[in-house]
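To be precise, the following lines are my_file_2.csv, and they hold CSV, C-alpha atoms and all ligand atoms.
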chain,number,residue,atom,x,y,z
A,223,MET,CA,0.0,0.0,0.0
A,224,SER,CA,1.2,3.6,0.6
A,225,ASP,CA,2.6,6.4,2.6
A,226,LEU,CA,0.6,9.5,3.3
A,227,THR,CA,2.1,12.9,4.3
A,228,VAL,CA,0.3,15.9,5.5
A,229,GLU,CA,2.6,18.9,5.5
A,230,ARG,CA,1.7,22.0,7.6
A,231,ALA,CA,-1.9,21.9,6.3
A,232,SER,CA,-4.4,24.6,7.3
A,233,LYS,CA,-8.0,25.1,6.5
A,234,ALA,CA,-10.3,27.8,7.8
A,235,PHE,CA,-14.1,28.3,7.4
A,236,GLY,CA,-14.6,32.0,7.9
A,237,SER,CA,-13.0,32.8,11.2
A,238,THR,CA,-12.9,29.1,12.3
A,239,ALA,CA,-9.5,27.5,11.9
A,240,ALA,CA,-10.8,24.0,11.5
A,241,VAL,CA,-7.3,22.6,10.7
A,242,ASP,CA,-4.4,24.7,11.8
A,243,ASP,CA,-0.9,23.9,10.7
A,244,VAL,CA,-1.2,20.1,10.9
A,245,SER,CA,1.7,17.8,9.9
A,246,LEU,CA,1.3,14.1,9.9
A,247,GLU,CA,3.4,11.1,8.6
A,248,VAL,CA,1.4,7.9,8.0
A,249,HIS,CA,3.7,5.1,6.8
A,250,ASP,CA,2.8,2.2,4.6
A,251,GLY,CA,0.7,-0.3,6.5
A,252,ASP,CA,0.1,2.0,9.5
A,253,PHE,CA,-3.3,2.2,11.1
A,254,ALA,CA,-3.2,5.9,12.1
A,255,VAL,CA,-5.9,7.3,14.3
A,256,LEU,CA,-7.0,10.9,14.5
A,257,LEU,CA,-8.5,11.3,18.0
A,258,GLY,CA,-10.1,14.3,19.5
A,259,PRO,CA,-13.3,15.8,20.8
A,260,SER,CA,-16.2,17.0,18.6
A,261,GLY,CA,-15.3,20.0,16.5
A,262,CYS,CA,-11.6,19.6,16.7
A,263,GLY,CA,-11.2,19.2,12.9
A,264,LYS,CA,-11.0,15.5,12.4
A,265,THR,CA,-13.5,15.3,9.5
A,266,THR,CA,-12.1,18.4,7.9
A,267,LEU,CA,-8.6,16.9,7.9
A,268,LEU,CA,-9.9,13.7,6.4
A,269,ARG,CA,-11.7,15.6,3.7
A,270,LEU,CA,-8.6,17.5,2.9
A,271,VAL,CA,-6.7,14.3,2.4
A,272,ALA,CA,-9.6,12.9,0.3
A,273,GLY,CA,-9.7,16.0,-1.8
A,274,PHE,CA,-13.3,17.0,-1.0
A,275,GLU,CA,-11.9,20.2,0.5
A,276,HIS,CA,-8.7,22.1,-0.4
A,277,VAL,CA,-6.1,23.3,1.9
A,278,ASP,CA,-5.6,27.1,2.4
A,279,ARG,CA,-1.9,26.4,3.1
A,280,GLY,CA,0.3,23.3,3.2
A,281,ARG,CA,0.7,20.2,1.1
A,282,ILE,CA,-0.6,16.6,0.9
A,283,LEU,CA,1.5,13.8,-0.5
A,284,ILE,CA,0.5,10.2,-1.3
A,285,ASP,CA,3.4,7.9,-2.0
A,286,GLY,CA,5.7,10.9,-2.3
A,287,LYS,CA,3.5,12.5,-5.0
A,288,ASP,CA,2.1,15.9,-4.4
A,289,VAL,CA,-1.7,15.6,-4.7
A,290,THR,CA,-2.6,18.9,-3.0
A,291,SER,CA,-4.5,20.1,-6.0
A,292,ALA,CA,-5.6,16.7,-7.4
A,293,LYS,CA,-9.3,15.9,-7.6
A,294,PRO,CA,-10.7,13.2,-5.3
A,295,GLY,CA,-10.8,10.6,-8.1
A,296,GLU,CA,-7.1,11.2,-8.9
A,297,ARG,CA,-5.9,10.5,-5.3
A,298,ASP,CA,-6.5,6.8,-5.1
A,299,VAL,CA,-8.1,7.0,-1.6
A,300,ALA,CA,-11.4,5.6,-0.5
A,301,MET,CA,-13.4,7.2,2.2
A,302,VAL,CA,-15.9,5.6,4.6
A,303,PHE,CA,-18.1,8.5,5.7
A,304,GLN,CA,-19.3,9.4,9.2
A,305,GLY,CA,-22.9,8.7,8.1
A,306,TYR,CA,-22.0,5.9,5.5
A,307,ALA,CA,-23.4,7.9,2.6
A,308,LEU,CA,-25.0,5.0,0.8
A,309,TYR,CA,-27.3,5.6,-2.1
A,310,PRO,CA,-30.8,4.8,-0.8
A,311,HIS,CA,-32.3,4.0,-4.2
A,312,MET,CA,-29.6,1.5,-5.2
A,313,THR,CA,-29.2,-2.1,-4.1
A,314,VAL,CA,-26.2,-3.1,-2.0
A,315,PHE,CA,-24.6,-4.6,-5.1
A,316,ASP,CA,-25.0,-1.3,-7.0
A,317,ASN,CA,-23.7,0.8,-4.1
A,318,ILE,CA,-20.5,-1.3,-4.1
A,319,ALA,CA,-20.3,-1.4,-7.9
A,320,PHE,CA,-20.9,2.3,-8.4
A,321,GLY,CA,-17.3,3.4,-8.0
A,322,LEU,CA,-16.0,0.5,-10.1
A,323,ARG,CA,-18.3,1.4,-13.0
A,324,SER,CA,-17.2,5.0,-12.8
A,325,ILE,CA,-13.6,3.9,-13.4
A,326,GLY,CA,-14.8,1.9,-16.3
A,327,LEU,CA,-14.0,-1.7,-15.2
A,328,PRO,CA,-15.5,-4.4,-17.4
A,329,LYS,CA,-18.9,-5.8,-16.2
A,330,GLN,CA,-17.6,-9.3,-15.4
A,331,GLU,CA,-14.7,-8.0,-13.3
A,332,ILE,CA,-17.0,-5.7,-11.4
A,333,ALA,CA,-19.4,-8.6,-10.5
A,334,GLU,CA,-16.4,-10.7,-9.4
A,335,ARG,CA,-15.0,-8.0,-7.3
A,336,VAL,CA,-18.3,-7.1,-5.6
A,337,GLU,CA,-18.9,-10.8,-4.8
A,338,ARG,CA,-15.4,-11.1,-3.3
A,339,VAL,CA,-15.5,-8.0,-1.1
A,340,ALA,CA,-19.0,-8.8,0.0
A,341,ALA,CA,-17.8,-12.2,1.1
A,342,SER,CA,-14.9,-10.6,3.0
A,343,VAL,CA,-17.3,-8.6,5.2
A,344,GLU,CA,-20.0,-11.3,5.2
A,345,ILE,CA,-22.8,-9.5,3.3
A,346,GLU,CA,-23.1,-11.9,0.4
A,347,GLY,CA,-26.7,-12.5,1.3
A,348,LEU,CA,-27.6,-8.8,1.2
A,349,LEU,CA,-26.5,-7.8,-2.3
A,350,GLY,CA,-30.1,-7.5,-3.6
A,351,ARG,CA,-31.4,-5.3,-0.7
A,352,ARG,CA,-31.6,-1.6,-0.4
A,353,PRO,CA,-29.7,0.3,2.4
A,354,GLY,CA,-33.0,1.3,4.1
A,355,THR,CA,-33.8,-2.3,4.8
A,356,LEU,CA,-30.5,-3.0,6.6
A,357,SER,CA,-29.4,-2.7,10.2
A,358,GLY,CA,-26.7,-0.2,11.2
A,359,GLY,CA,-24.1,-2.9,11.4
A,360,GLN,CA,-25.0,-4.2,7.9
A,361,ARG,CA,-24.9,-0.7,6.4
A,362,GLN,CA,-21.6,-0.3,8.0
A,363,ARG,CA,-20.3,-3.4,6.3
A,364,VAL,CA,-21.6,-2.2,2.9
A,365,ALA,CA,-19.8,1.1,3.3
A,366,LEU,CA,-16.6,-0.8,4.2
A,367,ALA,CA,-17.1,-3.1,1.2
A,368,ARG,CA,-17.5,-0.2,-1.1
A,369,ALA,CA,-14.2,1.3,0.1
A,370,ILE,CA,-12.4,-2.0,-0.1
A,371,SER,CA,-13.7,-2.8,-3.6
A,372,ARG,CA,-11.8,0.2,-5.0
A,373,GLU,CA,-8.5,-1.3,-3.8
A,374,PRO,CA,-7.2,2.2,-3.0
A,375,LYS,CA,-3.8,3.2,-1.8
A,376,VAL,CA,-5.2,4.7,1.4
A,377,PHE,CA,-8.4,4.1,3.4
A,378,LEU,CA,-9.9,7.1,5.1
A,379,MET,CA,-12.5,6.2,7.7
A,380,ASP,CA,-14.6,8.8,9.6
A,381,GLU,CA,-16.1,7.4,12.8
A,382,PRO,CA,-17.3,4.4,11.0
A,383,LEU,CA,-18.5,2.7,14.2
A,384,SER,CA,-20.2,5.6,15.9
A,385,ASN,CA,-23.8,4.5,15.0
A,386,LEU,CA,-23.4,1.0,16.3
A,387,ASP,CA,-24.3,-0.5,19.7
A,388,THR,CA,-21.5,-1.4,22.1
A,389,GLN,CA,-21.3,-5.1,21.2
A,390,LEU,CA,-21.4,-4.6,17.5
A,391,ARG,CA,-18.8,-1.9,17.8
A,392,ALA,CA,-16.5,-4.2,19.7
A,393,SER,CA,-16.8,-6.9,17.1
A,394,MET,CA,-16.4,-4.5,14.1
A,395,ARG,CA,-13.2,-3.1,15.7
A,396,ILE,CA,-11.7,-6.5,15.5
A,397,GLU,CA,-13.1,-7.0,12.0
A,398,ILE,CA,-11.6,-3.8,10.6
A,399,LYS,CA,-8.3,-4.6,12.2
A,400,ARG,CA,-8.3,-8.1,10.7
A,401,LEU,CA,-9.2,-6.7,7.3
A,402,GLN,CA,-6.5,-4.1,7.5
A,403,ASN,CA,-3.9,-6.8,8.3
A,404,GLU,CA,-5.2,-9.0,5.5
A,405,LEU,CA,-5.1,-6.2,2.9
A,406,GLY,CA,-1.8,-4.7,4.3
A,407,ALA,CA,-3.8,-1.4,4.0
A,408,THR,CA,-2.7,2.1,5.1
A,409,VAL,CA,-5.5,3.5,7.1
A,410,LEU,CA,-6.3,7.0,8.5
A,411,TYR,CA,-9.1,6.5,11.0
A,412,VAL,CA,-11.1,9.2,12.7
A,413,THR,CA,-12.7,8.7,16.1
A,414,HIS,CA,-13.5,10.6,19.3
A,415,ASP,CA,-13.6,7.3,21.1
A,416,GLN,CA,-10.4,6.7,23.0
A,417,VAL,CA,-11.0,2.9,23.3
A,418,GLU,CA,-11.1,2.7,19.5
A,419,ALA,CA,-8.0,4.8,19.2
A,420,MET,CA,-6.0,2.9,21.7
A,421,THR,CA,-7.0,-0.6,20.6
A,422,MET,CA,-6.9,-0.1,16.8
A,423,GLY,CA,-4.2,2.4,16.2
A,424,THR,CA,-0.5,1.7,15.5
A,425,MET,CA,-0.1,5.5,15.9
A,426,VAL,CA,-2.5,8.0,17.3
A,427,ALA,CA,-2.6,11.8,16.6
A,428,VAL,CA,-4.5,13.7,19.3
A,429,LEU,CA,-6.2,16.8,17.8
A,430,HIS,CA,-7.2,19.8,19.9
A,431,ASP,CA,-8.8,22.9,18.3
A,432,GLY,CA,-7.5,22.1,14.9
A,433,ARG,CA,-3.9,21.4,16.0
A,434,VAL,CA,-2.0,18.3,16.7
A,435,ALA,CA,-1.5,18.1,20.5
A,436,GLN,CA,0.6,14.9,20.3
A,437,VAL,CA,1.5,12.1,18.0
A,438,GLY,CA,2.7,8.7,19.3
A,439,THR,CA,2.0,5.1,19.8
A,440,PRO,CA,-1.1,4.4,22.0
A,441,ASP,CA,1.3,3.5,24.7
A,442,GLU,CA,3.3,6.8,24.5
A,443,ILE,CA,0.0,8.8,24.4
A,444,TYR,CA,-1.2,7.0,27.6
A,445,GLU,CA,2.1,6.8,29.5
A,446,ARG,CA,3.6,10.2,28.6
A,447,PRO,CA,0.9,12.7,27.6
A,448,ARG,CA,2.7,15.9,26.5
A,449,THR,CA,0.0,18.3,27.5
A,450,GLN,CA,-2.7,18.5,30.2
A,451,PHE,CA,-5.3,18.2,27.4
A,452,VAL,CA,-4.0,14.8,26.2
A,453,ALA,CA,-3.6,13.7,29.8
A,454,THR,CA,-7.2,14.3,30.6
A,455,PHE,CA,-8.7,13.3,27.2
A,456,VAL,CA,-7.1,9.9,27.1
A,457,GLY,CA,-7.8,7.5,30.0
A,458,SER,CA,-11.0,6.6,31.8
A,459,PRO,CA,-11.3,7.8,34.4
A,460,PRO,CA,-8.9,10.6,33.3
A,461,MET,CA,-5.6,11.4,34.8
A,462,ASN,CA,-5.9,13.1,38.2
A,463,LEU,CA,-4.5,16.7,38.2
A,464,LEU,CA,-3.6,18.5,41.3
A,465,LYS,CA,-2.7,22.2,41.3
A,466,GLY,CA,0.2,23.5,43.3
A,467,THR,CA,3.9,24.3,43.1
A,468,LEU,CA,7.1,22.5,42.6
A,469,GLN,CA,9.6,23.5,45.2
A,470,ARG,CA,13.2,22.9,46.1
A,471,ASP,CA,13.8,20.9,49.3
A,472,GLY,CA,17.6,21.1,49.8
A,473,SER,CA,19.0,19.0,46.9
A,474,SER,CA,15.7,17.3,46.4
A,475,CYS,CA,12.2,18.7,45.7
A,476,ARG,CA,8.6,18.3,46.5
A,477,PHE,CA,5.1,19.1,45.1
A,478,GLU,CA,2.9,21.2,47.4
A,479,GLY,CA,-0.6,22.3,46.8
A,480,SER,CA,-4.3,21.3,47.0
A,481,GLY,CA,-3.7,20.5,50.7
A,482,ILE,CA,-1.1,17.8,49.8
A,483,GLN,CA,2.7,17.4,50.0
A,484,VAL,CA,4.6,14.8,48.0
A,485,ALA,CA,8.3,14.2,48.0
A,486,LEU,CA,9.5,13.8,44.4
A,487,PRO,CA,12.5,12.0,42.9
A,488,GLU,CA,15.6,14.1,42.9
A,489,ARG,CA,15.7,14.5,39.2
A,490,TRP,CA,12.7,16.8,39.2
A,491,ALA,CA,14.8,19.3,41.3
A,492,GLY,CA,16.4,20.2,37.9
A,493,ALA,CA,13.0,21.6,36.9
A,494,VAL,CA,12.8,24.3,39.6
A,495,GLY,CA,14.9,27.2,40.5
A,496,ALA,CA,15.0,29.3,43.7
A,497,GLU,CA,11.3,30.2,43.4
A,498,PRO,CA,8.4,27.7,43.6
A,499,ARG,CA,7.2,26.8,40.1
A,500,PRO,CA,3.4,26.7,39.5
A,501,VAL,CA,2.5,23.2,38.1
A,502,SER,CA,-0.2,20.6,38.0
A,503,LEU,CA,0.8,17.1,39.3
A,504,GLY,CA,-0.7,14.4,37.1
A,505,VAL,CA,-1.4,10.9,38.5
A,506,ARG,CA,-3.1,8.0,36.7
A,507,PRO,CA,-5.8,6.3,38.8
A,508,GLU,CA,-3.8,3.0,38.8
A,509,ASP,CA,-0.8,4.8,40.3
A,510,LEU,CA,-2.6,5.8,43.5
A,511,HIS,CA,-2.5,3.2,46.3
A,512,LEU,CA,-5.0,3.1,49.1
A,513,GLY,CA,-4.3,1.6,52.5
A,514,ALA,CA,-1.4,1.1,54.9
A,515,VAL,CA,0.5,-1.3,52.7
A,516,ARG,CA,2.2,0.5,49.8
A,517,PRO,CA,4.4,-0.6,47.0
A,518,ALA,CA,8.1,0.1,47.2
A,519,ALA,CA,8.1,3.0,44.6
A,520,SER,CA,5.2,4.9,46.2
A,521,VAL,CA,5.4,7.9,48.5
A,522,PRO,CA,2.8,8.9,51.1
A,523,MET,CA,0.5,11.8,50.2
A,524,GLY,CA,-1.6,11.8,53.4
A,525,VAL,CA,-4.8,10.4,54.5
A,526,CYS,CA,-7.8,10.1,52.2
A,527,CYS,CA,-11.5,9.6,52.8
A,528,VAL,CA,-13.5,7.2,50.6
A,529,GLU,CA,-16.4,9.1,48.9
A,530,VAL,CA,-17.8,6.8,46.3
A,531,THR,CA,-16.8,3.4,44.9
A,532,GLU,CA,-17.8,2.3,41.4
A,533,GLN,CA,-17.6,-1.5,40.8
A,534,MET,CA,-16.8,-2.1,37.2
A,535,GLY,CA,-16.7,-5.9,37.3
A,536,HIS,CA,-13.1,-6.4,36.5
A,537,GLU,CA,-11.9,-3.5,38.6
A,538,THR,CA,-13.2,-0.9,41.0
A,539,VAL,CA,-12.8,2.8,40.8
A,540,VAL,CA,-12.6,4.5,44.2
A,541,HIS,CA,-13.2,8.3,44.4
A,542,VAL,CA,-11.4,9.7,47.5
A,543,SER,CA,-10.9,13.1,48.9
A,544,VAL,CA,-7.4,14.1,49.8
A,545,GLY,CA,-6.6,17.6,51.0
A,546,THR,CA,-8.9,19.8,48.9
A,547,SER,CA,-9.1,17.4,45.9
A,548,LEU,CA,-11.2,14.6,44.8
A,549,LEU,CA,-9.1,11.8,43.2
A,550,ALA,CA,-9.9,8.6,41.4
A,551,ALA,CA,-8.0,5.4,42.2
A,552,ARG,CA,-8.2,2.2,40.3
A,553,VAL,CA,-8.1,-0.9,42.6
A,554,ARG,CA,-8.7,-4.6,42.3
A,555,ASN,CA,-12.4,-5.7,42.2
A,556,THR,CA,-11.9,-7.5,45.5
A,557,TRP,CA,-11.1,-4.2,47.3
A,558,GLN,CA,-13.8,-3.1,49.7
A,559,ALA,CA,-14.3,0.0,51.9
A,560,ALA,CA,-17.4,1.8,53.0
A,561,PRO,CA,-17.9,5.5,52.1
A,562,GLY,CA,-16.4,7.6,54.9
A,563,ALA,CA,-13.6,5.2,55.6
A,564,GLU,CA,-10.2,6.9,56.1
A,565,MET,CA,-6.9,5.4,55.1
A,566,PRO,CA,-3.4,6.4,54.0
A,567,VAL,CA,-3.0,7.1,50.3
A,568,SER,CA,0.3,6.9,48.4
A,569,VAL,CA,1.5,7.6,44.9
A,570,ASP,CA,3.9,5.9,42.6
A,571,VAL,CA,6.2,9.0,42.0
A,572,GLU,CA,8.1,7.2,39.2
A,573,ARG,CA,5.0,7.5,37.1
A,574,ILE,CA,3.8,11.0,37.7
A,575,GLN,CA,3.7,13.8,35.2
A,576,LEU,CA,4.2,17.5,35.9
A,577,TYR,CA,2.5,20.2,33.7
A,578,GLU,CA,3.5,23.8,33.6
A,579,ALA,CA,0.5,25.8,35.0
A,580,GLU,CA,0.7,28.5,32.4
A,581,THR,CA,1.0,26.5,29.2
A,582,GLY,CA,-0.3,23.0,30.3
A,583,ARG,CA,2.8,21.5,28.7
A,584,ALA,CA,4.6,18.6,30.3
A,585,LEU,CA,7.8,19.5,32.1
A,586,SER,CA,10.7,17.3,31.2
A,587,VAL,CA,13.9,17.8,33.0
A,588,GLU,CA,15.8,17.8,29.7
A,589,ASP,CA,14.1,20.8,28.0
A,590,LEU,CA,14.1,23.2,30.9
A,591,GLN,CA,16.1,26.4,31.2
A,592,LEU,CA,17.2,26.2,34.8
A,593,SER,CA,17.7,29.1,37.0
A,594,PRO,CA,20.8,28.8,39.2
A,595,VAL,CA,20.4,26.8,42.3
A,596,PRO,CA,20.6,28.9,45.5
A,597,ALA,CA,23.8,28.4,47.5
A,601,LIG,N1,-18.4,23.5,5.7
A,601,LIG,C1,-18.1,24.1,6.8
A,601,LIG,N2,-18.5,25.4,7.0
A,601,LIG,C2,-18.2,26.1,8.1
A,601,LIG,N3,-17.6,25.5,9.2
A,601,LIG,C3,-17.3,24.3,9.1
A,601,LIG,C4,-17.5,23.5,8.0
A,601,LIG,N4,-17.0,22.2,8.2
A,601,LIG,C5,-16.5,22.2,9.4
A,601,LIG,N5,-16.7,23.4,10.0
A,601,LIG,C6,-16.2,23.8,11.4
A,601,LIG,O1,-14.9,23.4,11.5
A,601,LIG,C7,-14.7,22.8,12.8
A,601,LIG,C8,-14.2,21.4,12.7
A,601,LIG,O2,-15.2,20.6,12.2
A,601,LIG,P1,-15.1,19.1,11.9
A,601,LIG,O3,-16.3,18.6,11.2
A,601,LIG,O4,-13.8,18.8,11.2
A,601,LIG,O5,-14.9,18.5,13.4
A,601,LIG,P2,-14.9,17.0,13.9
A,601,LIG,O6,-13.7,16.9,14.7
A,601,LIG,O7,-15.0,16.0,12.7
A,601,LIG,O8,-16.2,16.9,14.8
A,601,LIG,P3,-17.2,15.7,15.1
A,601,LIG,O9,-16.5,14.7,16.1
A,601,LIG,O10,-18.4,16.4,15.8
A,601,LIG,O11,-17.5,15.0,13.8
A,601,LIG,C9,-16.0,23.0,13.5
A,601,LIG,O12,-15.9,24.2,14.3
A,601,LIG,C10,-17.0,23.1,12.4
A,601,LIG,O13,-18.1,23.8,12.9
A,602,MG,MG,-16.5,14.6,12.2
Will you turn the file into structure tokens for me?
Ligand SMILES: Nc1ncnc2c1ncn2[C@@H]1O[C@H](COP(=O)(O)OP(=O)(O)OP(=O)(O)O)[C@@H](O)[C@H]1O
Ligand SMILES: [Mg+2]
Amino acid sequence: MSDLTVERASKAFGSTAAVDDVSLEVHDGDFAVLLGPSGCGKTTLLRLVAGFEHVDRGRILIDGKDVTSAKPGERDVAMVFQGYALYPHMTVFDNIAFGLRSIGLPKQEIAERVERVAASVEIEGLLGRRPGTLSGGQRQRVALARAISREPKVFLMDEPLSNLDTQLRASMRIEIKRLQNELGATVLYVTHDQVEAMTMGTMVAVLHDGRVAQVGTPDEIYERPRTQFVATFVGSPPMNLLKGTLQRDGSSCRFEGSGIQVALPERWAGAVGAEPRPVSLGVRPEDLHLGAVRPAASVPMGVCCVEVTEQMGHETVVHVSVGTSLLAARVRNTWQAAPGAEMPVSVDVERIQLYEAETGRALSVEDLQLSPVPA
């Protein structure tokens, strides 16, 4: 299949910067996911790649070829639209065959191809029906079959599973991944659902207000969110954020704020000068530990009070108050405590993140301009 490059692309509608200086490299065989909240520019970016909209600035390359001003038909991409966009008056067969007829394939070859792709998504029995008579999941498969039948260089999929119920969504996730592996396809897939992004993507680009907030593997996005936005958008429940300051403590340092003090590993001392530095401390729910027994890497952060427990079946989420904050902790499903119970809480400080209060950007010891350490 193919590489796709988006180079500093921008697109505005009036005063709305829908896509703002976005760059993206999708390599051959990648399953790239655009993840972000409603209105962040996902569909617009996909339409720019497909050629249904044109960039105000920037370039789009497919397999190294500049297609910035090429028509959709010349780009060799197939798009699965947010609402499927099937022709209601045509049969399933004709919906799939439509694109193949328009490129002038012989009748016999069209019929063979339609049969083959229909079998691959298990809709052979539906070829004579009209979209209006199909379930959401079946329509979904027709839209996929139509895209696959074109044998494009790149697949563009815009929230293809959003209209399906939870179970069907889970099985279609697996099906799309299986198909992608089988075809060796390059996919750019849009979703606002982090589960889809994390489970399907080989790379994920998180979009925020038309800009790329972070690009990385699902693991990088989860483990090392580069901004507070990414930290709280990805993860359920989201990362806990505590407001406060980072302060020197002799040669070491600590976080202080929201009624909590936490001693931090010495390397963070490099991120603070003589004056306390306003930050948010980020902690994933699984990195908080409740109770007197704490893992070796964790550091006490005081006493918490259990407010609410949510039993999720395979795990339990416990909402506790500590200092002036309400935090979520992820614990084993066998864990039990009544609301109102008080107990020590500790945090795995090797896994915390610190975000600069002003910009929301992650502090990393390497990229800081340090003020001189007081004598
Ligand atoms: N044709 C248009 N004319 C005017 N504004 C538009 C147009 N298309 C998109 N926009 C605006 O651009 C922004 C991005 O829209 P877009 O459809 O790309 O978002 P999205 O991330 O796909 O959202 P959703 O998850 O709701 O589908 C929004 O503010 C939207 O209102
Ligand atoms: Mg959209």
Counting all atoms listed in the file, figure out which residue out of A:Cys475, A:Val501, A:Val571, A:Leu548 gets nearest to A:Ser520.
-> A:Val571
Which residues sit within 10 Å of ligand LIG 601 (chain A), counting only C-alpha atoms and all ligand atoms, listed as a compact mmCIF listing (two decimals) with C-alpha atoms, in the frame of the given file?
# COMPACT_ATOMS: atom_id res chain seq x y z
CA LYS A 233 -8.00 25.10 6.50
CA ALA A 234 -10.30 27.80 7.80
CA PHE A 235 -14.10 28.30 7.40
CA GLY A 236 -14.60 32.00 7.90
CA SER A 237 -13.00 32.80 11.20
CA THR A 238 -12.90 29.10 12.30
CA ALA A 239 -9.50 27.50 11.90
CA ALA A 240 -10.80 24.00 11.50
CA VAL A 241 -7.30 22.60 10.70
CA LEU A 256 -7.00 10.90 14.50
CA LEU A 257 -8.50 11.30 18.00
CA GLY A 258 -10.10 14.30 19.50
CA PRO A 259 -13.30 15.80 20.80
CA SER A 260 -16.20 17.00 18.60
CA GLY A 261 -15.30 20.00 16.50
CA CYS A 262 -11.60 19.60 16.70
CA GLY A 263 -11.20 19.20 12.90
CA LYS A 264 -11.00 15.50 12.40
CA THR A 265 -13.50 15.30 9.50
CA THR A 266 -12.10 18.40 7.90
CA LEU A 267 -8.60 16.90 7.90
CA LEU A 268 -9.90 13.70 6.40
CA ARG A 269 -11.70 15.60 3.70
CA LEU A 270 -8.60 17.50 2.90
CA GLU A 275 -11.90 20.20 0.50
CA GLN A 304 -19.30 9.40 9.20
CA ASP A 380 -14.60 8.80 9.60
CA GLU A 381 -16.10 7.40 12.80
CA SER A 384 -20.20 5.60 15.90
CA VAL A 412 -11.10 9.20 12.70
CA THR A 413 -12.70 8.70 16.10
CA HIS A 414 -13.50 10.60 19.30
CA ASP A 415 -13.60 7.30 21.10
CA LEU A 429 -6.20 16.80 17.80
CA HIS A 430 -7.20 19.80 19.90
CA ASP A 431 -8.80 22.90 18.30
CA GLY A 432 -7.50 22.10 14.90
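Among the candidate residues A:Ile443, A:Val417, A:Val569, A:Leu486, the one lying nearest to A:Ala518 is A:Val569, with distances computed using only C-alpha atoms.
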A straight line from atom CA of A:Arg351 to atom CA of A:Ala333 spans 15.8 Å
When distances are computed from all atoms listed in the file, which of A:Val452, A:Val525, A:Ala514, A:Ala307 shows the smallest separation from A:Ala584?
-> A:Val452
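Residue nearest ligand MG 602 (chain A) within the list A:Ile574, A:Val302, A:Val540, A:Ala254: A:Val302 [criterion: smallest interatomic distance, only C-alpha atoms and all ligand atoms].
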Have a look at A:Val567, A:Val409, A:Met379, A:Ala560 and name the one nearest to ligand MG 602 (chain A); count all atoms listed in the file.
->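 For ligand MG 602 (chain A), the nearest of the given residues is A:Met379.
Residues with any atom within 8 Å of stretch 309-314 of chain A, counting all atoms listed in the file and excluding same-chain neighbours fewer than 5 positions away, are Leu348, Leu349, Gly350, Arg351, Arg352, Pro353, Gly354 and Val364 of chain A.
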Between atom CA of A:Glu572 and atom CA of A:Gly457 lies a distance of 18.4 Å
Quick one: of A:Met523, A:Thr581, A:Trp490, A:Tyr411, who's nearest to ligand MG 602 (chain A), counting only C-alpha atoms and all ligand atoms?
-> A:Tyr411
Expected residue set, 7 Å radius at (-0.4, 16.8, 2.3), all atoms listed in the file, as a ChimeraX atom specification | /A:227-229,231,271,280-283,290
Dump of C-alpha atoms for the selected residues, as a PDB file, in the coordinates of the input:
ATOM      1  CA  THR A 227       2.100  12.900   4.300  1.00  0.00           C
ATOM      2  CA  VAL A 228       0.300  15.900   5.500  1.00  0.00           C
ATOM      3  CA  GLU A 229       2.600  18.900   5.500  1.00  0.00           C
ATOM      4  CA  ALA A 231      -1.900  21.900   6.300  1.00  0.00           C
ATOM      5  CA  VAL A 271      -6.700  14.300   2.400  1.00  0.00           C
ATOM      6  CA  GLY A 280       0.300  23.300   3.200  1.00  0.00           C
ATOM      7  CA  ARG A 281       0.700  20.200   1.100  1.00  0.00           C
ATOM      8  CA  ILE A 282      -0.600  16.600   0.900  1.00  0.00           C
ATOM      9  CA  LEU A 283       1.500  13.800  -0.500  1.00  0.00           C
ATOM     10  CA  THR A 290      -2.600  18.900  -3.000  1.00  0.00           C
TER      11      THR A 290
END
Write stretch 239-246 of chain A as an mmCIF file, keeping the file's coordinate frame, completed to N, CA and C atoms.
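Contents of the output file selection05.cif:
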data_model
loop_
_atom_site.group_PDB
_atom_site.id
_atom_site.type_symbol
_atom_site.label_atom_id
_atom_site.label_comp_id
_atom_site.auth_asym_id
_atom_site.auth_seq_id
_atom_site.Cartn_x
_atom_site.Cartn_y
_atom_site.Cartn_z
ATOM 1 N N ALA A 239 -10.628 28.296 12.426
ATOM 2 C CA ALA A 239 -9.500 27.500 11.900
ATOM 3 C C ALA A 239 -9.739 26.073 12.212
ATOM 4 N N ALA A 240 -10.361 25.382 11.238
ATOM 5 C CA ALA A 240 -10.800 24.000 11.500
ATOM 6 C C ALA A 240 -9.560 23.081 11.547
ATOM 7 N N VAL A 241 -8.594 23.315 10.654
ATOM 8 C CA VAL A 241 -7.300 22.600 10.700
ATOM 9 C C VAL A 241 -6.225 23.622 10.662
ATOM 10 N N ASP A 242 -5.342 23.569 11.638
ATOM 11 C CA ASP A 242 -4.400 24.700 11.800
ATOM 12 C C ASP A 242 -2.967 24.148 11.892
ATOM 13 N N ASP A 243 -2.288 24.238 10.756
ATOM 14 C CA ASP A 243 -0.900 23.900 10.700
ATOM 15 C C ASP A 243 -0.592 22.463 11.165
ATOM 16 N N VAL A 244 -1.298 21.533 10.552
ATOM 17 C CA VAL A 244 -1.200 20.100 10.900
ATOM 18 C C VAL A 244 -0.183 19.382 10.051
ATOM 19 N N SER A 245 0.744 18.691 10.686
ATOM 20 C CA SER A 245 1.700 17.800 9.900
ATOM 21 C C SER A 245 1.506 16.403 10.469
ATOM 22 N N LEU A 246 1.598 15.448 9.532
ATOM 23 C CA LEU A 246 1.300 14.100 9.900
ATOM 24 C C LEU A 246 2.063 13.144 8.923
#
